[in-house]
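Since the structure comes first, as structure tokens, the remarks are kept for the end.
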Amino acid sequence: MKLERPKERIHPKAMKAWVINGSIKSVIEWGVVIAYFFIRNNFETLPQFILIILIILASLLTILQVIIIPRIRMIYWGYAINEHDIDIQHGIIVIKRSLIPMHKIQHVDTEHGPILRLFKLATLSISTAGTKHKIPALHQERAEALRQQIAHLARMSEEDV
């Protein structure tokens, strides 16, 4: 059984933001490798194989975080909003599909850190009593418009109940 992916996609600039995010994480991971290298040179009792394992792990994580995961995330992220519910799909290995009824929504926020702001992107956060759902990397204007639309639809849905 193949489920049809929600029609709306996140902004194409999301991949650039995720690559930068992955690069920052990779720099930190490589910092750990370099720190171990210098500590090992001063204390020769530390094993060499740990350094080799750290180099292999840092290399694999860099490839995953900078090259592979951003591309896969772009493929699987999707959302759809209608007057009754919000459909969100995400995931890489396990693909998660959430259907959020409008009458369950308590509030909607937009958020953006420095990397997302660089690309004029924002994340839309949708809170229910039980959890918080996010649609990442939407254009700031689109995220604001969706926030307004969802808030309006949620109010309308409450009035109907």
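We label chains A, B, ... in the order they appear in the structure tokens, count residues from 1 in each chain, and number ligands from 1 in the order shown.
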
Residue set, range 83-157 of chain A restricted to alpha helix (DSSP H), as a PyMOL selection string: chain A and resi 114-118+140-157

Polymer residues at most 10 Å from Asp85 in chain A, only C-alpha atoms, same-chain spacing of 2 or more positions, as a list in words: Ala80, Ile81, Asn82, Glu83, Asp87, Ile88, Ser98, Leu99, Ile100, Pro101, Met102, His103, Lys104, Ile105, Ile150, Leu153, Ala154 and Ser157 of chain A

Sorted per-residue table, range 114-137 of chain A near range 5-18 of chain A, closest atoms and distance, 7 Å, only C-alpha atoms, as CSV:
```
residue,atom,partner,partner_atom,distance
A:Ile115,CA,A:Ala17,CA,6.1
A:Leu116,CA,A:Ala17,CA,6.3
A:Phe119,CA,A:Lys13,CA,6.7
A:Pro136,CA,A:Ile10,CA,6.9
A:Ala137,CA,A:Ala14,CA,5.3
```

Non-local contacts of Ile68 in chain A (12 Å; only C-alpha atoms; under 4 positions in same chain excluded) as a PyMOL selection string: chain A and resi 15+18-19+22+60-64+72-75+92

For Thr123 in chain A: contacts at 9 Å, only C-alpha atoms, fewer than 5 positions along chain excluded, given as an MDAnalysis selection string: chainID A and resid 109:112 116 134:140 143

Could the residues in this selection be saved with C-alpha atoms as a PDB file, in the first residue's frame?
```pdb
ATOM      1  CA  ASP A 109       3.920  29.863  16.541  1.00  0.00           C
ATOM      2  CA  THR A 110       6.657  30.725  14.095  1.00  0.00           C
ATOM      3  CA  GLU A 111      10.296  30.481  15.092  1.00  0.00           C
ATOM      4  CA  HIS A 112      13.609  30.999  13.347  1.00  0.00           C
ATOM      5  CA  LEU A 116      17.012  30.099   9.041  1.00  0.00           C
ATOM      6  CA  LYS A 134       6.582  21.425  13.368  1.00  0.00           C
ATOM      7  CA  ILE A 135       6.778  22.280   9.701  1.00  0.00           C
ATOM      8  CA  PRO A 136      10.356  23.432   9.168  1.00  0.00           C
ATOM      9  CA  ALA A 137      11.959  25.826   6.723  1.00  0.00           C
ATOM     10  CA  LEU A 138       9.019  27.648   5.198  1.00  0.00           C
ATOM     11  CA  HIS A 139       9.566  31.057   3.652  1.00  0.00           C
ATOM     12  CA  GLN A 140       8.958  33.601   6.445  1.00  0.00           C
ATOM     13  CA  ALA A 143       4.980  30.668   7.580  1.00  0.00           C
TER      14      ALA A 143
END
```

Residue nearest Ile50 in chain A - candidates A:Val33, A:Ser127, A:Val66, A:Ser26, atoms counted: only C-alpha atoms: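 For Ile50 in chain A, the nearest of the given residues is A:Val33.
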
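Restricting the calculation to only C-alpha atoms, the smallest distance between Glu29 in chain A and any of A:His152, A:Ala58, A:His107, A:Ala145 is found for A:Ala58.
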
DSSP-assigned strand (DSSP E) members of range 9-155 of chain A, reported as an MDAnalysis selection string: chainID A and resid 78:81 85:90 96:101 105:111 121:128 132:139

Could you save those same residues with C-alpha atoms as a short mmCIF file (atom, residue, chain, number, x, y, z; two decimals), in the first residue's frame?
```cif
data_model
loop_
_atom_site.label_atom_id
_atom_site.label_comp_id
_atom_site.auth_asym_id
_atom_site.auth_seq_id
_atom_site.Cartn_x
_atom_site.Cartn_y
_atom_site.Cartn_z
CA GLY A 78 5.45 17.36 3.17
CA TYR A 79 2.34 18.97 4.56
CA ALA A 80 -1.22 19.84 3.61
CA ILE A 81 -3.64 22.20 5.34
CA ASP A 85 -7.04 19.20 9.64
CA ILE A 86 -3.31 19.48 9.01
CA ASP A 87 -1.46 16.56 7.44
CA ILE A 88 2.30 16.41 8.11
CA GLN A 89 4.73 13.77 6.83
CA HIS A 90 8.40 13.52 7.78
CA LYS A 96 5.82 9.53 10.29
CA ARG A 97 2.48 10.85 9.11
CA SER A 98 0.44 13.03 11.49
CA LEU A 99 -3.11 14.23 11.00
CA ILE A 100 -3.92 17.10 13.37
CA PRO A 101 -7.62 18.03 13.68
CA ILE A 105 -4.97 23.03 18.01
CA GLN A 106 -4.25 25.25 21.01
CA HIS A 107 -1.79 27.69 19.48
CA VAL A 108 0.47 28.24 16.48
CA ASP A 109 3.92 29.86 16.54
CA THR A 110 6.66 30.72 14.09
CA GLU A 111 10.30 30.48 15.09
CA LEU A 121 12.97 30.90 6.49
CA ALA A 122 10.93 30.05 9.57
CA THR A 123 9.55 26.98 11.31
CA LEU A 124 5.83 26.74 11.98
CA SER A 125 5.05 25.14 15.38
CA ILE A 126 1.56 23.76 15.98
CA SER A 127 0.70 22.90 19.58
CA THR A 128 -2.05 20.60 20.76
CA LYS A 132 3.93 19.95 19.38
CA HIS A 133 4.23 19.48 15.61
CA LYS A 134 6.58 21.42 13.37
CA ILE A 135 6.78 22.28 9.70
CA PRO A 136 10.36 23.43 9.17
CA ALA A 137 11.96 25.83 6.72
CA LEU A 138 9.02 27.65 5.20
CA HIS A 139 9.57 31.06 3.65
#
```

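A straight line drawn from CA of Ile52 in chain A to CA of Tyr36 in chain A is 10.5 Å long.
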
Two-atom distance - CA of Val94 in chain A, CA of Trp77 in chain A (Å):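 Separation of CA of Val94 in chain A and CA of Trp77 in chain A: 12.2 Å.
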
Gap from CA of Ser59 in chain A to CA of Arg117 in chain A - Å, one decimal: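 That distance, rounded to one decimal, is 28.4 Å.
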